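Listing of entry.cif, mmCIF, C-alpha atoms
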```cif
data_query
#
loop_
_atom_site.label_atom_id
_atom_site.label_comp_id
_atom_site.auth_asym_id
_atom_site.auth_seq_id
_atom_site.Cartn_x
_atom_site.Cartn_y
_atom_site.Cartn_z
CA MET Z 146 -19.02 162.62 138.92
CA PRO Z 147 -20.29 160.66 135.89
CA GLN Z 148 -23.81 159.26 136.07
CA LYS Z 149 -24.03 155.55 136.85
CA SER Z 150 -25.69 153.21 134.37
CA ILE Z 151 -28.51 150.95 135.50
CA ILE Z 152 -27.82 147.26 135.04
CA GLY Z 153 -30.12 144.29 135.64
CA ARG Z 154 -29.47 140.99 137.39
CA ASP Z 155 -27.84 139.70 134.25
CA THR Z 156 -26.16 141.31 131.28
CA LEU Z 157 -24.09 140.65 128.18
CA VAL Z 158 -20.32 141.08 128.11
CA ASP Z 159 -18.05 141.62 125.10
CA PHE Z 160 -14.35 140.75 125.02
CA GLY Z 161 -13.12 142.94 122.18
CA ASP Z 162 -14.72 142.34 118.80
CA LYS Z 163 -14.16 138.56 118.72
CA ILE Z 164 -16.24 137.38 121.67
CA ILE Z 165 -19.54 139.25 121.83
CA GLY Z 166 -22.70 138.89 123.89
CA VAL Z 167 -21.55 136.49 126.59
CA PRO Z 168 -24.21 136.05 129.31
CA ALA Z 169 -23.10 137.24 132.75
CA LYS Z 170 -24.76 137.06 136.13
CA VAL Z 171 -24.65 140.30 138.11
CA ASP Z 172 -24.05 139.35 141.74
CA THR Z 173 -23.92 142.05 144.41
CA GLY Z 174 -23.14 139.32 146.95
CA ALA Z 175 -19.81 138.54 145.28
CA ASP Z 176 -16.81 140.80 145.81
CA GLY Z 177 -14.95 139.87 142.65
CA SER Z 178 -15.77 138.91 139.11
CA ALA Z 179 -15.06 135.52 137.54
CA VAL Z 180 -14.84 134.14 134.02
CA TRP Z 181 -14.82 130.57 132.75
CA ALA Z 182 -11.27 129.73 131.70
CA THR Z 183 -9.57 126.51 130.60
CA ASP Z 184 -6.05 125.26 129.90
CA ILE Z 185 -4.65 127.43 132.70
CA PHE Z 186 -0.92 127.09 133.39
CA VAL Z 187 2.21 129.09 134.24
CA ASP Z 188 5.23 128.50 132.01
CA ARG Z 189 8.92 128.49 132.99
CA SER Z 190 9.20 132.18 132.09
CA HIS Z 191 6.47 132.86 134.71
CA LYS Z 192 3.76 133.83 132.21
CA LEU Z 193 0.16 132.77 132.81
CA HIS Z 194 -1.54 131.02 129.87
CA PHE Z 195 -5.27 130.38 129.52
CA LYS Z 196 -8.19 130.23 127.11
CA LEU Z 197 -11.55 131.85 127.69
CA PHE Z 198 -14.41 129.37 128.06
CA GLY Z 199 -14.32 125.67 127.19
CA LYS Z 200 -14.53 123.78 123.91
CA GLU Z 201 -18.21 123.04 124.53
CA SER Z 202 -19.02 126.77 124.80
CA GLN Z 203 -20.32 128.69 121.79
CA PHE Z 204 -17.98 131.52 122.89
CA TYR Z 205 -14.80 129.42 122.82
CA THR Z 206 -12.31 130.59 120.19
CA GLY Z 207 -9.34 128.45 121.20
CA GLU Z 208 -7.20 131.60 121.31
CA GLU Z 209 -4.57 131.41 124.03
CA ILE Z 210 -4.18 134.48 126.20
CA ILE Z 211 -0.80 135.08 127.82
CA ALA Z 212 -0.59 137.37 130.83
CA GLU Z 213 2.66 138.65 132.26
CA GLU Z 214 0.89 140.37 135.13
CA TYR Z 215 -1.45 138.33 137.30
CA SER Z 216 -2.16 137.50 140.91
CA VAL Z 217 -3.78 134.75 142.93
CA SER Z 218 -6.54 134.85 145.51
CA LEU Z 219 -8.27 132.47 147.84
CA THR Z 220 -12.00 132.53 147.17
CA LYS Z 221 -14.83 130.88 149.04
CA SER Z 222 -17.07 129.00 146.62
CA ALA Z 223 -20.86 128.82 146.91
CA SER Z 224 -20.45 125.40 148.52
CA GLY Z 225 -18.15 126.88 151.18
CA ASP Z 226 -14.88 125.45 149.84
CA VAL Z 227 -11.86 127.73 149.65
CA VAL Z 228 -10.24 127.59 146.22
CA MET Z 229 -7.22 129.34 144.75
CA LYS Z 230 -7.82 131.31 141.55
CA TYR Z 231 -5.50 133.12 139.22
CA ARG Z 232 -6.68 136.70 138.62
CA VAL Z 233 -6.05 138.79 135.51
CA GLU Z 234 -7.18 142.13 134.17
CA LEU Z 235 -9.16 141.94 130.94
CA PRO Z 236 -10.71 144.68 128.81
CA VAL Z 237 -14.46 144.24 128.44
CA THR Z 238 -17.56 146.12 127.36
CA ILE Z 239 -20.56 145.95 129.70
CA GLU Z 240 -23.75 147.88 128.93
CA GLY Z 241 -21.85 149.98 126.38
CA LYS Z 242 -19.12 150.93 128.88
CA GLN Z 243 -15.57 149.92 128.04
CA LEU Z 244 -13.57 149.05 131.13
CA THR Z 245 -10.76 146.88 132.36
CA THR Z 246 -11.70 144.61 135.22
CA THR Z 247 -10.04 141.89 137.24
CA PHE Z 248 -11.44 138.40 136.72
CA GLY Z 249 -10.78 135.25 138.69
CA LEU Z 250 -10.18 132.38 136.27
CA SER Z 251 -12.23 129.30 137.09
CA ASP Z 252 -14.12 126.37 135.64
CA ARG Z 253 -17.67 127.69 135.30
CA SER Z 254 -18.77 124.92 132.92
CA THR Z 255 -21.52 123.75 135.26
CA HIS Z 256 -22.75 127.24 136.12
CA ASN Z 257 -25.70 128.83 134.37
CA TYR Z 258 -23.57 131.83 133.43
CA PRO Z 259 -19.98 131.64 132.15
CA ILE Z 260 -19.25 135.06 133.73
CA LEU Z 261 -19.99 136.50 137.16
CA ILE Z 262 -19.85 140.27 137.65
CA GLY Z 263 -19.14 141.21 141.28
CA LEU Z 264 -19.12 144.36 143.38
CA ARG Z 265 -15.60 145.55 142.52
CA THR Z 266 -16.58 145.74 138.84
CA LEU Z 267 -19.97 147.33 139.55
CA LYS Z 268 -18.84 149.91 142.13
CA GLY Z 269 -18.91 153.48 140.91
CA ILE Z 270 -20.08 152.52 137.41
CA PHE Z 271 -23.39 150.68 137.71
CA VAL Z 272 -26.50 150.64 139.86
CA VAL Z 273 -28.24 147.25 139.99
CA ASP Z 274 -32.00 147.10 139.42
CA VAL Z 275 -33.07 143.48 139.98
CA SER Z 276 -36.51 144.15 138.50
CA ARG Z 277 -34.99 144.79 135.08
CA GLU Z 278 -35.96 142.25 132.47
CA ALA Z 279 -33.35 139.59 131.78
CA LYS Z 280 -30.92 140.31 128.94
CA THR Z 281 -29.94 136.68 128.51
CA SER Z 282 -31.86 133.55 127.69
CA ILE Z 283 -30.16 131.04 129.97
CA ASP Z 284 -32.31 127.95 130.23
CA LYS Z 285 -31.75 126.69 133.78
CA LYS Z 286 -34.05 123.70 133.26
CA LYS Z 287 -31.93 122.61 130.30
CA LYS Z 288 -28.78 122.77 132.47
CA SER Z 289 -30.44 120.60 135.15
CA LEU Z 290 -31.62 118.13 132.52
CA HIS Z 291 -28.04 117.86 131.25
CA LEU Z 292 -26.76 117.15 134.77
CA ASN Z 293 -29.46 114.53 135.28
CA GLU Z 294 -28.52 112.87 131.98
CA GLN Z 295 -24.90 112.69 133.15
CA MET Z 296 -25.97 111.27 136.50
CA ARG Z 297 -28.15 108.57 134.92
CA LYS Z 298 -25.31 107.31 132.69
CA ASN Z 299 -23.16 106.41 135.68
CA PRO Z 300 -24.51 107.52 139.07
CA TYR Z 301 -21.40 106.43 140.99
CA LYS Z 302 -18.97 108.26 138.68
CA PHE Z 303 -21.21 111.33 138.76
CA TYR Z 304 -21.26 111.21 142.56
CA LYS Z 305 -17.47 110.99 142.75
CA GLU Z 306 -16.88 113.78 140.21
CA GLN Z 307 -19.65 116.21 141.10
CA TYR Z 308 -20.40 115.63 144.75
CA LEU Z 309 -17.20 114.37 146.38
CA ASN Z 310 -14.94 116.72 144.40
CA GLY Z 311 -17.44 119.56 144.78
CA SER Z 312 -19.51 121.16 142.09
CA LYS Z 313 -17.37 123.02 139.63
#
```
Could you express the structure from this file as structure tokens?
Amino acid sequence: MPQKSIIGRDTLVDFGDKIIGVPAKVDTGADGSAVWATDIFVDRSHKLHFKLFGKESQFYTGEEIIAEEYSVSLTKSASGDVVMKYRVELPVTIEGKQLTTTFGLSDRSTHNYPILIGLRTLKGIFVVDVSREAKTSIDKKKKSLHLNEQMRKNPYKFYKEQYLNGSK
């Protein structure tokens, strides 16, 4: 049996040679993995179309990915809501290991990390050491400041979009 690599509570993920060093949260409390995706739709020939990340992300390339094989799942969000997600297999490199893993496609624009790595991806490959120094430089205060700026511009609109519709 191959030796498992040690991974910290966050890591960097590469999608081929075009999208490199994307911050990911390692979450042993999540079964599956998720990636921020936009422009998600199924065409008349039953193919799933999407783009990784959003236009405001430094990792957004605008490249459309078309998947002929995909599935759907019902996932409970952190706020307790059940949401449907399309799931696709994508080749990635994590901690120098090339693997193909299944990602749920979702809007992670308001999350600190655009990628979540869950148990199914970690199992058999990685051991998580939460004391490991962070690999990423996500500034959580900056994210909260951005949300507060949005809220101050129009508190009622912010309430309707973020609170009533659930945090994205």
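Listed by chain and then by number, the residues chosen by the PyMOL selection byres ((chain Z and resi 245) around 9) in this file are Glu234, Leu235, Pro236, Val237, Thr238, Gln243, Leu244, Thr246, Thr247 and Thr266 of chain Z.
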- [ ] Quote the spacing between atom CA of Gly174 of chain Z and atom CA of Ser150 of chain Z in Å to one decimal place.
- [x] 18.9 Å
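Between atom CA of Val272 of chain Z and atom CA of Val227 of chain Z lies a distance of 28.9 Å.
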Open item on the list: Evaluate the PyMOL selection byres ((chain Z and resi 254) around 8) against this structure - the residues, as a list in words, please.
Closed with: Trp181, Phe198, Gly199, Asp252, Arg253, Thr255, His256, Pro259 and Lys313 of chain Z
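Taking atom CA of Ser222 of chain Z as the reference point, atom CA of Pro168 of chain Z is found at 20.0 Å.
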